[in-house]
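Content type compact mmCIF, C-alpha atoms, from the file start35.txt:
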# COMPACT_ATOMS: atom_id res chain seq x y z
CA MET A 1 -4.17 4.39 -4.55
CA ALA A 2 -7.42 3.65 -2.72
CA ASP A 3 -5.60 1.65 -0.03
CA ALA A 4 -3.15 4.49 0.58
CA PHE A 5 -6.02 7.01 0.67
CA LEU A 6 -8.03 5.00 3.21
CA ALA A 7 -4.92 4.37 5.33
CA ALA A 8 -4.20 8.10 5.42
CA LEU A 9 -7.73 8.73 6.70
CA ALA A 10 -7.65 6.08 9.42
CA PRO A 11 -8.56 7.44 12.89
CA GLY A 12 -5.05 6.71 14.14
CA GLU A 13 -3.54 8.69 11.26
CA LEU A 14 -5.93 11.58 11.96
CA ASP A 15 -4.81 11.67 15.61
CA ALA A 16 -1.17 11.63 14.51
CA LEU A 17 -1.89 14.44 12.02
CA ALA A 18 -3.56 16.52 14.74
CA ARG A 19 -0.55 16.03 17.03
CA ALA A 20 1.84 16.91 14.19
CA ARG A 21 -0.11 20.08 13.41
CA GLN A 22 -0.10 21.07 17.07
CA ALA A 23 3.65 20.54 17.25
CA GLN A 24 4.15 22.53 14.05
CA GLN A 25 2.03 25.37 15.42
CA GLN A 26 4.20 25.47 18.54
CA VAL A 27 7.34 25.60 16.40
CA ASN A 28 5.86 28.38 14.25
CA LYS A 29 4.87 30.31 17.35
CA ALA A 30 8.40 30.05 18.77
CA LEU A 31 9.95 31.13 15.44
CA ARG A 32 7.51 34.03 15.16
CA ALA A 33 8.31 35.16 18.71
CA GLY A 34 12.03 34.97 17.97
CA ALA A 35 11.62 37.01 14.79
CA GLU A 36 9.61 39.66 16.65
CA ARG A 37 12.26 39.91 19.39
CA GLU A 38 14.93 40.30 16.71
CA LEU A 39 12.82 43.02 15.11
CA GLU A 40 12.62 44.90 18.42
CA ARG A 41 16.41 44.71 18.77
CA LYS A 42 16.83 46.14 15.27
CA ARG A 43 14.41 48.96 16.06
CA TYR A 44 16.33 49.82 19.23
CA ALA A 45 19.65 49.71 17.37
CA ALA A 46 18.27 52.01 14.65
CA ALA A 47 16.85 54.45 17.21
CA LEU A 48 20.14 54.46 19.12
CA ALA A 49 22.11 55.14 15.92
CA GLU A 50 19.73 58.02 15.10
CA ARG A 51 20.17 59.59 18.56
CA GLN A 52 23.96 59.31 18.36
CA PHE A 53 23.96 60.97 14.93
CA ASN A 54 21.73 63.81 16.10
CA ARG A 55 23.99 64.52 19.12
CA VAL A 56 27.26 64.75 17.20
CA ASP A 57 28.89 68.13 16.53
CA PRO A 58 28.24 68.94 12.82
CA ASP A 59 31.67 70.49 12.57
CA ASN A 60 33.22 67.13 13.36
CA ARG A 61 32.58 65.81 9.88
CA LEU A 62 34.60 62.59 10.24
CA VAL A 63 32.63 61.40 13.30
CA ALA A 64 29.32 62.57 11.78
CA SER A 65 30.02 60.66 8.58
CA GLU A 66 30.75 57.41 10.51
CA LEU A 67 27.61 57.79 12.70
CA GLU A 68 25.49 58.45 9.61
CA ARG A 69 26.86 55.28 7.99
CA ARG A 70 26.01 53.27 11.11
CA TRP A 71 22.51 54.75 11.18
CA GLU A 72 21.90 53.82 7.54
CA ALA A 73 23.17 50.29 8.16
CA ALA A 74 20.85 49.94 11.19
CA LEU A 75 17.91 51.19 9.12
CA SER A 76 18.75 48.68 6.37
CA GLU A 77 18.85 45.81 8.89
CA LEU A 78 15.55 47.03 10.39
CA ARG A 79 13.84 47.01 6.98
CA ALA A 80 15.14 43.48 6.33
CA ALA A 81 13.82 42.28 9.70
CA GLU A 82 10.42 43.90 9.04
CA ASP A 83 10.23 42.25 5.62
CA ALA A 84 11.07 38.85 7.13
CA VAL A 85 8.34 39.17 9.76
CA ALA A 86 5.81 40.28 7.14
CA GLN A 87 6.73 37.43 4.80
CA ARG A 88 6.43 34.85 7.61
CA ALA A 89 3.01 36.21 8.54
CA SER A 90 1.81 35.99 4.92
CA THR A 91 3.09 32.47 4.29
CA GLU A 92 1.82 30.87 7.52
CA PRO A 93 -1.57 29.17 7.05
CA ALA A 94 -4.52 30.87 8.61
CA LYS A 95 -5.25 29.62 12.09
CA ARG A 96 -8.23 27.30 12.06
CA SER A 97 -10.66 27.00 14.89
CA GLY A 98 -10.41 23.64 16.68
CA PHE A 99 -13.13 21.01 16.63
CA SER A 100 -15.32 20.53 19.63
CA LYS A 101 -15.05 17.13 21.29
CA ASP A 102 -18.45 16.07 19.95
CA LEU A 103 -17.67 17.17 16.39
CA ASN A 104 -14.25 15.50 16.57
CA ASN A 105 -15.87 12.20 17.61
CA LYS A 106 -18.28 12.45 14.68
CA VAL A 107 -15.41 13.06 12.24
CA VAL A 108 -13.47 10.07 13.62
CA ALA A 109 -16.58 7.86 13.36
CA LEU A 110 -17.10 8.98 9.75
CA PHE A 111 -13.55 8.16 8.73
CA ASP A 112 -13.76 4.84 10.59
CA SER A 113 -16.68 3.84 8.35
CA LEU A 114 -15.12 5.24 5.18
CA PRO A 115 -13.84 1.83 3.94
CA GLN A 116 -17.40 0.49 4.05
CA ILE A 117 -18.67 3.59 2.24
CA TRP A 118 -15.93 3.19 -0.37
CA ALA A 119 -16.81 -0.48 -1.03
CA ASN A 120 -20.57 0.10 -1.05
CA ASP A 121 -22.26 -0.66 -4.37
CA ALA A 122 -24.15 2.63 -4.12
CA THR A 123 -20.85 4.56 -4.23
CA THR A 124 -20.04 5.33 -7.86
CA ASP A 125 -16.59 5.81 -9.38
CA ALA A 126 -17.37 9.52 -9.67
CA HIS A 127 -17.92 9.65 -5.90
CA ARG A 128 -14.67 7.80 -5.28
CA LYS A 129 -12.73 10.17 -7.53
CA ALA A 130 -14.25 13.14 -5.72
CA LEU A 131 -13.10 11.68 -2.39
CA LEU A 132 -9.58 11.15 -3.74
CA ARG A 133 -9.38 14.74 -5.00
CA CYS A 134 -10.06 15.97 -1.46
CA LEU A 135 -6.68 14.67 -0.35
CA VAL A 136 -4.62 13.74 -3.42
CA GLU A 137 -3.08 16.42 -5.61
CA LYS A 138 -1.82 14.06 -8.32
CA VAL A 139 -0.43 10.59 -8.97
CA VAL A 140 2.65 9.97 -11.12
CA LEU A 141 3.15 6.43 -12.45
CA ASP A 142 6.52 5.19 -13.69
CA ARG A 143 5.70 1.90 -15.43
CA GLY A 144 9.32 0.89 -15.88
CA GLU A 145 10.54 -2.01 -18.00
CA ARG A 146 10.05 -4.85 -15.53
CA ASP A 147 7.44 -6.17 -13.12
CA VAL A 148 7.56 -3.36 -10.55
CA ALA A 149 6.00 0.05 -11.19
CA LEU A 150 6.63 3.16 -9.08
CA ALA A 151 3.50 5.08 -8.13
CA ARG A 152 4.18 8.45 -6.52
CA ILE A 153 1.26 10.06 -4.67
CA VAL A 154 1.51 13.83 -4.18
CA TRP A 155 -0.85 14.76 -1.34
CA ARG A 156 -2.41 18.16 -0.88
CA GLY A 157 0.03 20.07 1.27
CA GLY A 158 3.12 18.74 -0.50
CA ALA A 159 3.71 15.39 1.22
CA VAL A 160 4.80 12.57 -1.09
CA THR A 161 4.30 8.79 -0.80
CA ASP A 162 6.13 6.31 -3.05
CA LEU A 163 4.51 2.91 -3.65
CA HIS A 164 6.11 -0.04 -5.43
CA VAL A 165 3.38 -2.01 -7.21
CA LYS A 166 3.88 -5.48 -8.67
CA MET A 167 2.72 -5.75 -12.28
CA LYS A 168 2.02 -8.73 -14.49
CA VAL A 169 4.44 -9.23 -17.39
CA ASN A 170 4.46 -11.65 -20.29
CA SER A 171 7.84 -13.33 -19.83
CA VAL A 172 10.37 -14.42 -17.22
CA ALA A 173 12.95 -12.13 -18.84
CA LYS A 174 10.94 -9.08 -17.73
CA LEU A 175 10.86 -10.12 -14.08
CA THR A 176 13.16 -8.15 -11.79
CA ARG A 177 14.69 -11.41 -10.56
CA GLY A 178 14.05 -13.30 -13.78
CA GLU A 179 17.60 -14.49 -14.37
CA GLU A 180 17.94 -15.58 -10.75
CA LEU A 181 14.63 -17.47 -11.05
CA ARG A 182 15.73 -19.26 -14.21
CA ALA A 183 19.14 -20.25 -12.83
CA ARG A 184 17.69 -21.56 -9.57
CA LEU A 185 14.92 -23.43 -11.42
CA LEU A 186 17.35 -25.22 -13.74
CA GLU A 187 19.61 -26.05 -10.80
CA LEU A 188 16.74 -27.81 -9.04
CA ALA A 189 15.50 -29.48 -12.23
CA LEU A 190 18.93 -31.00 -12.91
CA THR A 191 18.83 -32.68 -9.50
CA GLY A 192 15.52 -34.34 -10.35
CA VAL A 193 13.21 -32.28 -8.14
CA PRO A 194 9.60 -32.51 -9.46
CA ASP A 195 8.10 -29.44 -11.07
CA ASP A 196 5.52 -28.81 -8.36
CA GLN A 197 8.16 -29.02 -5.64
CA ILE A 198 10.37 -26.61 -7.57
CA ALA A 199 7.44 -24.19 -7.78
CA GLU A 200 6.92 -24.41 -4.01
CA ILE A 201 10.63 -23.86 -3.28
CA LEU A 202 10.87 -20.86 -5.60
CA THR A 203 7.71 -19.35 -4.11
CA ARG A 204 9.16 -19.65 -0.60
CA GLU A 205 12.32 -17.92 -1.85
CA GLY A 206 10.25 -14.93 -2.96
CA HIS A 207 9.89 -15.58 -6.69
CA HIS A 208 6.71 -15.49 -8.75
CA SER A 209 5.56 -16.31 -12.28
CA PRO A 210 5.23 -13.57 -14.92
CA ASN A 211 1.42 -13.76 -14.95
CA CYS A 212 1.02 -14.39 -11.20
CA GLU A 213 1.98 -11.87 -8.54
CA ASP A 214 2.32 -14.08 -5.47
CA LYS A 215 3.71 -17.52 -6.45
CA VAL A 216 5.53 -19.60 -9.04
CA LEU A 217 3.23 -21.84 -11.07
CA PRO A 218 4.23 -25.40 -11.94
CA ILE A 219 3.49 -24.69 -15.61
CA THR A 220 6.20 -21.97 -15.53
CA VAL A 221 8.68 -24.50 -14.19
CA GLN A 222 7.70 -27.02 -16.86
CA ARG A 223 8.11 -24.55 -19.71
CA LEU A 224 11.54 -23.35 -18.59
CA ARG A 225 12.69 -26.90 -17.95
CA LEU A 226 11.60 -28.08 -21.39
CA ALA A 227 13.11 -25.00 -23.05
CA ALA A 228 16.44 -25.93 -21.44
CA GLY A 229 16.13 -29.52 -22.74
CA ILE A 230 15.86 -31.09 -19.29
CA LYS A 231 13.63 -34.14 -19.18
CA ALA A 232 11.40 -34.74 -16.21
CA LYS A 233 12.45 -37.50 -13.86
CA ALA A 234 10.16 -39.22 -11.38
CA GLN A 235 7.31 -36.78 -11.01
CA ARG A 236 4.56 -37.16 -8.45
CA ASN A 237 1.08 -38.09 -9.49
CA ARG A 238 -1.24 -35.31 -10.51
CA TRP A 239 -3.40 -35.82 -7.42
CA THR A 240 -1.73 -37.18 -4.32
CA HIS A 241 -3.55 -36.92 -1.02
CA GLU A 242 -4.31 -38.80 2.16
CA PRO A 243 -6.63 -41.82 1.90
CA THR A 244 -8.99 -40.10 4.32
CA LEU A 245 -9.73 -37.54 1.58
CA LEU A 246 -11.58 -37.77 -1.72
CA SER A 247 -10.91 -35.76 -4.84
CA ALA A 248 -13.82 -34.45 -6.88
CA VAL A 249 -13.30 -37.28 -9.39
CA GLN A 250 -13.28 -39.92 -6.65
CA LEU A 251 -16.38 -38.45 -5.01
CA ALA A 252 -18.21 -38.39 -8.34
CA ALA A 253 -17.29 -42.05 -8.92
CA ARG A 254 -18.50 -42.97 -5.42
CA LEU A 255 -21.90 -41.32 -6.07
CA ASP A 256 -22.05 -42.38 -9.74
CA ILE A 257 -22.60 -38.79 -10.90
CA PRO A 258 -20.79 -36.60 -13.49
CA VAL A 259 -17.77 -34.87 -11.98
CA ASN A 260 -18.68 -31.70 -13.90
CA TRP A 261 -21.84 -31.46 -11.78
CA ILE A 262 -19.66 -31.01 -8.66
CA TYR A 263 -17.65 -28.22 -10.28
CA VAL A 264 -20.86 -26.51 -11.45
CA GLN A 265 -22.23 -26.53 -7.88
CA ILE A 266 -18.96 -25.06 -6.61
CA ARG A 267 -19.00 -22.36 -9.27
CA ARG A 268 -22.64 -21.49 -8.50
CA LYS A 269 -21.76 -21.39 -4.77
CA ARG A 270 -24.35 -24.03 -3.90
CA LEU A 271 -21.47 -26.18 -2.71
CA LEU A 272 -19.01 -24.17 -0.61
CA ILE A 273 -15.59 -25.75 -0.20
CA ASP A 274 -12.10 -24.24 0.06
CA GLN A 275 -9.78 -24.82 -2.87
CA GLN A 276 -6.35 -26.13 -1.98
CA SER A 277 -3.27 -24.14 -2.99
CA THR A 278 -2.67 -26.76 -5.68
CA GLY A 279 -6.07 -26.10 -7.22
CA ALA A 280 -7.64 -29.33 -5.96
CA TYR A 281 -10.95 -29.69 -4.13
CA LEU A 282 -10.65 -32.36 -1.44
CA PHE A 283 -13.58 -33.85 0.49
CA GLN A 284 -13.43 -35.84 3.71
CA ASN A 285 -13.96 -39.52 3.03
CA SER A 286 -16.81 -40.03 5.49
CA PRO A 287 -20.44 -41.22 5.13
CA ALA A 288 -21.72 -37.88 6.42
CA ILE A 289 -19.99 -35.92 3.65
CA VAL A 290 -20.90 -38.39 0.91
CA ASN A 291 -24.55 -38.43 2.01
CA ALA A 292 -24.66 -34.63 2.20
CA VAL A 293 -23.41 -34.29 -1.37
CA ARG A 294 -25.92 -36.97 -2.45
CA ASP A 295 -28.72 -34.94 -0.83
CA LEU A 296 -27.59 -31.86 -2.72
CA ARG A 297 -27.62 -33.88 -5.93
CA ASN A 298 -31.14 -35.14 -5.17
CA ARG A 299 -32.23 -31.58 -4.28
CA THR A 300 -33.16 -32.63 -0.78
CA ILE A 301 -31.08 -29.65 0.34
CA ASN A 302 -30.33 -26.48 -1.63
CA HIS A 303 -27.03 -25.46 -0.07
CA LEU A 304 -24.03 -27.26 1.41
CA ASP A 305 -21.17 -25.59 3.26
CA LEU A 306 -18.10 -27.81 3.80
CA ARG A 307 -15.57 -25.07 4.49
CA ILE A 308 -15.56 -25.48 8.27
CA ILE A 309 -14.59 -29.15 8.11
CA GLN A 310 -11.88 -28.88 5.49
CA PRO A 311 -8.59 -30.59 6.43
CA HIS A 312 -5.49 -28.52 6.97
CA GLN A 313 -3.34 -30.97 5.01
CA GLU A 314 -3.17 -30.11 1.35
CA GLY A 315 -2.92 -32.40 -1.63
CA HIS A 316 -0.36 -31.95 -4.38
CA GLN A 317 -0.83 -31.12 -8.01
CA HIS A 318 1.63 -31.56 -10.83
CA ALA A 319 0.83 -29.41 -13.84
Show the structure stored in the file as structure tokens.
Amino acid sequence: MADAFLAALAPGELDALARARQAQQQVNKALRAGAERELERKRYAAALAERQFNRVDPDNRLVASELERRWEAALSELRAAEDAVAQRASTEPAKRSGFSKDLNNKVVALFDSLPQIWANDATTDAHRKALLRCLVEKVVLDRGERDVALARIVWRGGAVTDLHVKMKVNSVAKLTRGEELRARLLELALTGVPDDQIAEILTREGHHSPNCEDKVLPITVQRLRLAAGIKAKAQRNRWTHEPTLLSAVQLAARLDIPVNWIYVQIRRKRLLIDQQSTGAYLFQNSPAIVNAVRDLRNRTINHLDLRIIQPHQEGHQHA
């Protein structure tokens, strides 16, 4: 909801809204002018029918009766046209005075910084809710039975936005494409494709695990494969990577230190290193890197950032 709210208040969206309002005002003006011209025609027709009735010879009852009927019909149409003009005037929003250029620039600058204000620690949830209420009338959530929920945002003014939100579920059966995922997984498993490769293939094909919104986990593949009674064939090693790289275990053995110490430093953000998509932490096998980690261990340095020298090639993990 917050993303949709901030997107609606982006400077570009505000400019588009201003242009849309200007166009709508022009349309309303044209419709109002047309209704007023129609009203003038009805008034003239009613006045003409009245003059014709007043000029007829009263003794000519047949003609007088027809002219009176026409006059009454013209008066009825005139009243209908007057009611339509009055109703349009009452339902049109009051005309608002335009912003000056300076004030408009200030408003655009404010909305441009709104994402930072929203994410600021000083902004409380109460403040955020108050901001949402300025623009959002209500939100209707249809949880559904599977992994996609429908969130309908009703904005102030009547506009509606439908969002499809991925949700975590507790089983493959509750996934929207669960049966397709299972069938494709077993097809690959029967051909001897390793679990981690199956996970990568299914992820590329747009599938995901029940408890993960963006990819298929190897553990999901393993569970479904075992449930179907398919034994694993030649699987790749748990950690397979280039010889120019060191895993955390290999680096710990090289420095003769506990491997848990490396993970603790990563968790405490004293050692900054990107985690591979497989979950592995890989270090370059070079004296500079090994010595830098040794200095961190000996407290010669208090912080080590290895993210900028991380290799693009990823290792592989088999869960």
Review point. Looking at only C-alpha atoms, which of A:Ala35, A:Val148, A:Cys212, A:Ala130 is the one that sits closest to Asn170 of chain A?
Key: A:Cys212
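The space separating atom CA of Val193 of chain A from atom CA of Pro218 of chain A comes to 11.9 Å.
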Exercise for review: Please indicate the distance in Å from atom CA of Ala46 of chain A to atom CA of Asp59 of chain A, rounded to one decimal place.
Suggested key: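 Here the two named atoms are 22.9 Å from each other.
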Which residues come within 6 Å of segment 271-274 of chain A, counting only C-alpha atoms, excluding same-chain residues fewer than 4 positions away, as a PDB file with C-alpha atoms, in the frame of the given file?
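In the end it all went to around_4.pdb:
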ATOM      1  CA  GLN A 265     -22.230 -26.530  -7.880  1.00  0.00           C
ATOM      2  CA  ILE A 266     -18.960 -25.060  -6.610  1.00  0.00           C
ATOM      3  CA  LEU A 304     -24.030 -27.260   1.410  1.00  0.00           C
ATOM      4  CA  ASP A 305     -21.170 -25.590   3.260  1.00  0.00           C
ATOM      5  CA  LEU A 306     -18.100 -27.810   3.800  1.00  0.00           C
ATOM      6  CA  ARG A 307     -15.570 -25.070   4.490  1.00  0.00           C
TER       7      ARG A 307
END
Review point. Can you tell me, as JSON, numbers by chain, what residues are no more than 12 Å from segment 291-296 of chain A when counting all atoms listed in the file, ignoring any on the same chain fewer than 2 positions away?
Key: {"A": [248, 251, 252, 253, 254, 255, 256, 257, 261, 262, 265, 266, 270, 271, 272, 273, 283, 284, 285, 286, 287, 288, 289, 298, 299, 300, 301, 302, 303, 304, 305, 306]}
Check your understanding: Using only C-alpha atoms, which residue out of A:Gly34, A:Gly192, A:Gly279, A:Gly178 lies closest to Ala232 of chain A?
Key ->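 Selected residue with least distance to Ala232 of chain A: A:Gly192.
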Exercise for review: Find the residue from A:Met167, A:Ala159, A:Ala122, A:Ile219 that sits nearest to Arg143 of chain A; use only C-alpha atoms when measuring.
Suggested key: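 Under the stated criterion, the closest residue is A:Met167.
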Exercise for review: Find the distance between atom CA of Ala33 of chain A and atom CA of Glu77 of chain A and write it in Å to one decimal.
Suggested key: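 Between atom CA of Ala33 of chain A and atom CA of Glu77 of chain A the gap is 17.9 Å.
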Review point. Hey, can you pull every residue with an atom no more than 8 Å from (6.9, 33.8, 9.0), using only C-alpha atoms, and send it as number ranges by chain?
Key: A: 28, 31-32, 84-92
What are the centre and the three edge lengths of an axis-aligned box that wraps all atoms of segment 75-91 of chain A in the file, given that 5 Å is added to every side, written as AutoDock Vina command-line options and rounded to one decimal in Å?
--center_x 10.3 --center_y 41.8 --center_z 7.3 --size_x 27.0 --size_y 28.7 --size_z 16.1
Point to revise | Residues within 7 Å of Leu78 of chain A, all atoms listed in the file, excluding chain neighbours under 2 positions, as an NGL selection string | key: :A and (39 or 42-43 or 74-76 or 80-82)
Go ahead and dump the residues you just picked, C-alpha atoms, as a PDB file, keeping the file's coordinate frame.
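New file again_21.pdb:
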ATOM      1  CA  LEU A  39      12.820  43.020  15.110  1.00  0.00           C
ATOM      2  CA  LYS A  42      16.830  46.140  15.270  1.00  0.00           C
ATOM      3  CA  ARG A  43      14.410  48.960  16.060  1.00  0.00           C
ATOM      4  CA  ALA A  74      20.850  49.940  11.190  1.00  0.00           C
ATOM      5  CA  LEU A  75      17.910  51.190   9.120  1.00  0.00           C
ATOM      6  CA  SER A  76      18.750  48.680   6.370  1.00  0.00           C
ATOM      7  CA  ALA A  80      15.140  43.480   6.330  1.00  0.00           C
ATOM      8  CA  ALA A  81      13.820  42.280   9.700  1.00  0.00           C
ATOM      9  CA  GLU A  82      10.420  43.900   9.040  1.00  0.00           C
TER      10      GLU A  82
END
Point to revise | Given all atoms listed in the file as the counted atoms, nearest of A:Glu213, A:Asp147, A:Glu66, A:Asp162 to Met1 of chain A | key: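 Closest residue, counting all atoms listed in the file: A:Asp162.
For the choices A:Ala30, A:Ala119, A:Leu282, A:Leu185, the atom-to-atom distance to Ser209 of chain A is smallest for A:Leu185 when using only C-alpha atoms.
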Practice item. Identify which of the residues A:Ala2, A:His208, A:Asp57, A:Lys269 lies closest to Arg133 of chain A, counting only C-alpha atoms when measuring atom-to-atom distances. Key: A:Ala2
Exercise for review: Determine, counting only C-alpha atoms, which protein, DNA and RNA residues have an atom within 12 Å of an atom of Ala47 of chain A; residues of the same chain fewer than 6 positions away are not included. Present the result as a list of chain:residue names.
Suggested key: A:Glu40, A:Arg41, A:Phe53, A:Asn54, A:Arg70, A:Trp71, A:Glu72, A:Ala73, A:Ala74, A:Leu75, A:Leu78
